[in-house]
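What follows is a single structure, written as structure tokens, with notes after it.
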Amino acid sequence: MAVPKRRTSKSRARKRRSHNAIKPLNLTTCPQCSAVVPNHCICAQCGHYHGRSYDAGNEE
Ligand SMILES: [Zn+2]
């Protein structure tokens, strides 16, 4: 099995992890029912997204 030749320094590990932070969710309001919805997500209240309704069984 391959084994690392050198120990990863704290500095190097932290630099690598500088890209790993989780950003907070972007929230918008639904234009249909004005509920708070994450961006690019179907509204949980009315099932609306991008001018279309995506309610269960109603796909056009
Ligand atoms: Zn809605």
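If you're wondering about the labels, chains in the structure tokens are A, B, ... by order shown, residues count from 1 in each chain, ligands from 1 in order shown.
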
### Task
Enumerate as a list in words all residues of chain A assigned to strand (DSSP E) by DSSP on the backbone, naming them with the chain letters and numbers the document uses.
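Across chain A, those assigned strand (DSSP E) are Leu27, Thr28, Thr29, Val36, Val37, Pro38, His48, Tyr49, Arg52 and Ser53 of chain A.
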
Residues of chain A that have any atom at most 12 Å from an atom of ligand 1: could you tabulate them with the shortest-distance atom pair and the distance in Å to one decimal, using only C-alpha atoms and all ligand atoms, ordered by chain and increasing number, as a Markdown table?
```
| residue | atom | partner | partner_atom_place_in_ligand_line | distance |
| --- | --- | --- | --- | --- |
| A:Thr28 | CA | ligand 1 | 1 (Zn) | 10.6 |
| A:Thr29 | CA | ligand 1 | 1 (Zn) | 7.8 |
| A:Cys30 | CA | ligand 1 | 1 (Zn) | 4.6 |
| A:Pro31 | CA | ligand 1 | 1 (Zn) | 6.7 |
| A:Gln32 | CA | ligand 1 | 1 (Zn) | 4.9 |
| A:Cys33 | CA | ligand 1 | 1 (Zn) | 4.2 |
| A:Ser34 | CA | ligand 1 | 1 (Zn) | 6.0 |
| A:Ala35 | CA | ligand 1 | 1 (Zn) | 5.6 |
| A:Val36 | CA | ligand 1 | 1 (Zn) | 8.2 |
| A:Val37 | CA | ligand 1 | 1 (Zn) | 7.9 |
| A:Pro38 | CA | ligand 1 | 1 (Zn) | 11.2 |
| A:Cys41 | CA | ligand 1 | 1 (Zn) | 10.3 |
| A:Ile42 | CA | ligand 1 | 1 (Zn) | 7.9 |
| A:Cys43 | CA | ligand 1 | 1 (Zn) | 4.6 |
| A:Ala44 | CA | ligand 1 | 1 (Zn) | 6.6 |
| A:Gln45 | CA | ligand 1 | 1 (Zn) | 5.0 |
| A:Cys46 | CA | ligand 1 | 1 (Zn) | 4.2 |
| A:Gly47 | CA | ligand 1 | 1 (Zn) | 6.1 |
| A:His48 | CA | ligand 1 | 1 (Zn) | 5.4 |
| A:Tyr49 | CA | ligand 1 | 1 (Zn) | 7.9 |
| A:His50 | CA | ligand 1 | 1 (Zn) | 10.6 |
| A:Gly51 | CA | ligand 1 | 1 (Zn) | 10.6 |
| A:Arg52 | CA | ligand 1 | 1 (Zn) | 10.7 |
| A:Ser53 | CA | ligand 1 | 1 (Zn) | 9.3 |
| A:Tyr54 | CA | ligand 1 | 1 (Zn) | 10.6 |
| A:Asp55 | CA | ligand 1 | 1 (Zn) | 10.7 |
```

Restrict the selected residues to N, CA and C atoms and save them as a CSV table (one decimal), in the first residue's frame.
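Listed below is the output, part16.csv:
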```csv
chain,number,residue,atom,x,y,z
A,28,THR,N,-34.9,32.8,-1.8
A,28,THR,CA,-35.8,33.8,-2.5
A,28,THR,C,-37.2,33.6,-2.1
A,29,THR,N,-38.1,34.4,-2.5
A,29,THR,CA,-39.5,34.2,-2.3
A,29,THR,C,-40.2,33.7,-3.6
A,30,CYS,N,-41.2,32.8,-3.4
A,30,CYS,CA,-41.9,32.3,-4.5
A,30,CYS,C,-42.8,33.4,-5.1
A,31,PRO,N,-42.7,33.6,-6.5
A,31,PRO,CA,-43.5,34.7,-7.1
A,31,PRO,C,-45.0,34.4,-7.0
A,32,GLN,N,-45.3,33.1,-6.9
A,32,GLN,CA,-46.7,32.6,-6.9
A,32,GLN,C,-47.4,32.8,-5.5
A,33,CYS,N,-46.7,32.3,-4.5
A,33,CYS,CA,-47.4,32.4,-3.1
A,33,CYS,C,-46.5,33.1,-2.1
A,34,SER,N,-45.4,33.7,-2.6
A,34,SER,CA,-44.4,34.5,-1.7
A,34,SER,C,-43.9,33.7,-0.5
A,35,ALA,N,-43.8,32.4,-0.6
A,35,ALA,CA,-43.2,31.6,0.5
A,35,ALA,C,-41.7,31.7,0.3
A,36,VAL,N,-40.9,31.5,1.3
A,36,VAL,CA,-39.4,31.6,1.2
A,36,VAL,C,-39.0,30.2,0.7
A,37,VAL,N,-38.2,30.2,-0.4
A,37,VAL,CA,-37.8,29.0,-1.1
A,37,VAL,C,-36.3,29.1,-1.4
A,38,PRO,N,-35.5,28.0,-1.3
A,38,PRO,CA,-34.1,28.1,-1.8
A,38,PRO,C,-34.1,28.3,-3.3
A,41,CYS,N,-35.2,25.9,-6.7
A,41,CYS,CA,-35.9,24.8,-6.1
A,41,CYS,C,-37.4,25.0,-6.3
A,42,ILE,N,-38.1,23.9,-6.5
A,42,ILE,CA,-39.6,24.0,-6.6
A,42,ILE,C,-40.2,24.4,-5.3
A,43,CYS,N,-41.2,25.3,-5.3
A,43,CYS,CA,-41.8,25.8,-4.1
A,43,CYS,C,-42.5,24.7,-3.3
A,44,ALA,N,-42.2,24.5,-2.0
A,44,ALA,CA,-42.8,23.5,-1.2
A,44,ALA,C,-44.3,23.8,-1.0
A,45,GLN,N,-44.7,25.0,-1.0
A,45,GLN,CA,-46.0,25.4,-0.7
A,45,GLN,C,-47.0,25.1,-1.9
A,46,CYS,N,-46.6,25.7,-3.1
A,46,CYS,CA,-47.6,25.6,-4.2
A,46,CYS,C,-47.0,24.7,-5.3
A,47,GLY,N,-45.8,24.2,-5.2
A,47,GLY,CA,-45.2,23.4,-6.3
A,47,GLY,C,-44.9,24.1,-7.6
A,48,HIS,N,-44.7,25.4,-7.5
A,48,HIS,CA,-44.5,26.2,-8.7
A,48,HIS,C,-43.0,26.4,-8.9
A,49,TYR,N,-42.5,26.4,-10.2
A,49,TYR,CA,-41.1,26.8,-10.5
A,49,TYR,C,-41.0,27.3,-11.9
A,50,HIS,N,-40.4,28.4,-12.1
A,50,HIS,CA,-40.1,29.0,-13.4
A,50,HIS,C,-41.4,29.0,-14.3
A,51,GLY,N,-42.4,29.5,-13.7
A,51,GLY,CA,-43.7,29.8,-14.5
A,51,GLY,C,-44.5,28.5,-14.8
A,52,ARG,N,-44.1,27.4,-14.1
A,52,ARG,CA,-44.8,26.1,-14.4
A,52,ARG,C,-45.2,25.5,-13.0
A,53,SER,N,-46.2,24.7,-13.0
A,53,SER,CA,-46.6,24.0,-11.8
A,53,SER,C,-46.1,22.6,-11.9
A,54,TYR,N,-45.4,22.1,-10.8
A,54,TYR,CA,-44.9,20.8,-10.7
A,54,TYR,C,-45.5,20.0,-9.6
A,55,ASP,N,-46.8,20.3,-9.4
A,55,ASP,CA,-47.5,19.5,-8.4
A,55,ASP,C,-47.5,18.0,-8.8
```

### Task
Quick one: pull the distance between CA of Pro24 (chain A) and CA of Asn39 (chain A), Å, one decimal.
11.6 Å

### Task
Return as a ChimeraX atom specification the full set of residues in chain A whose backbone-based DSSP assignment is helix (DSSP H, G or I).
/A:10-17
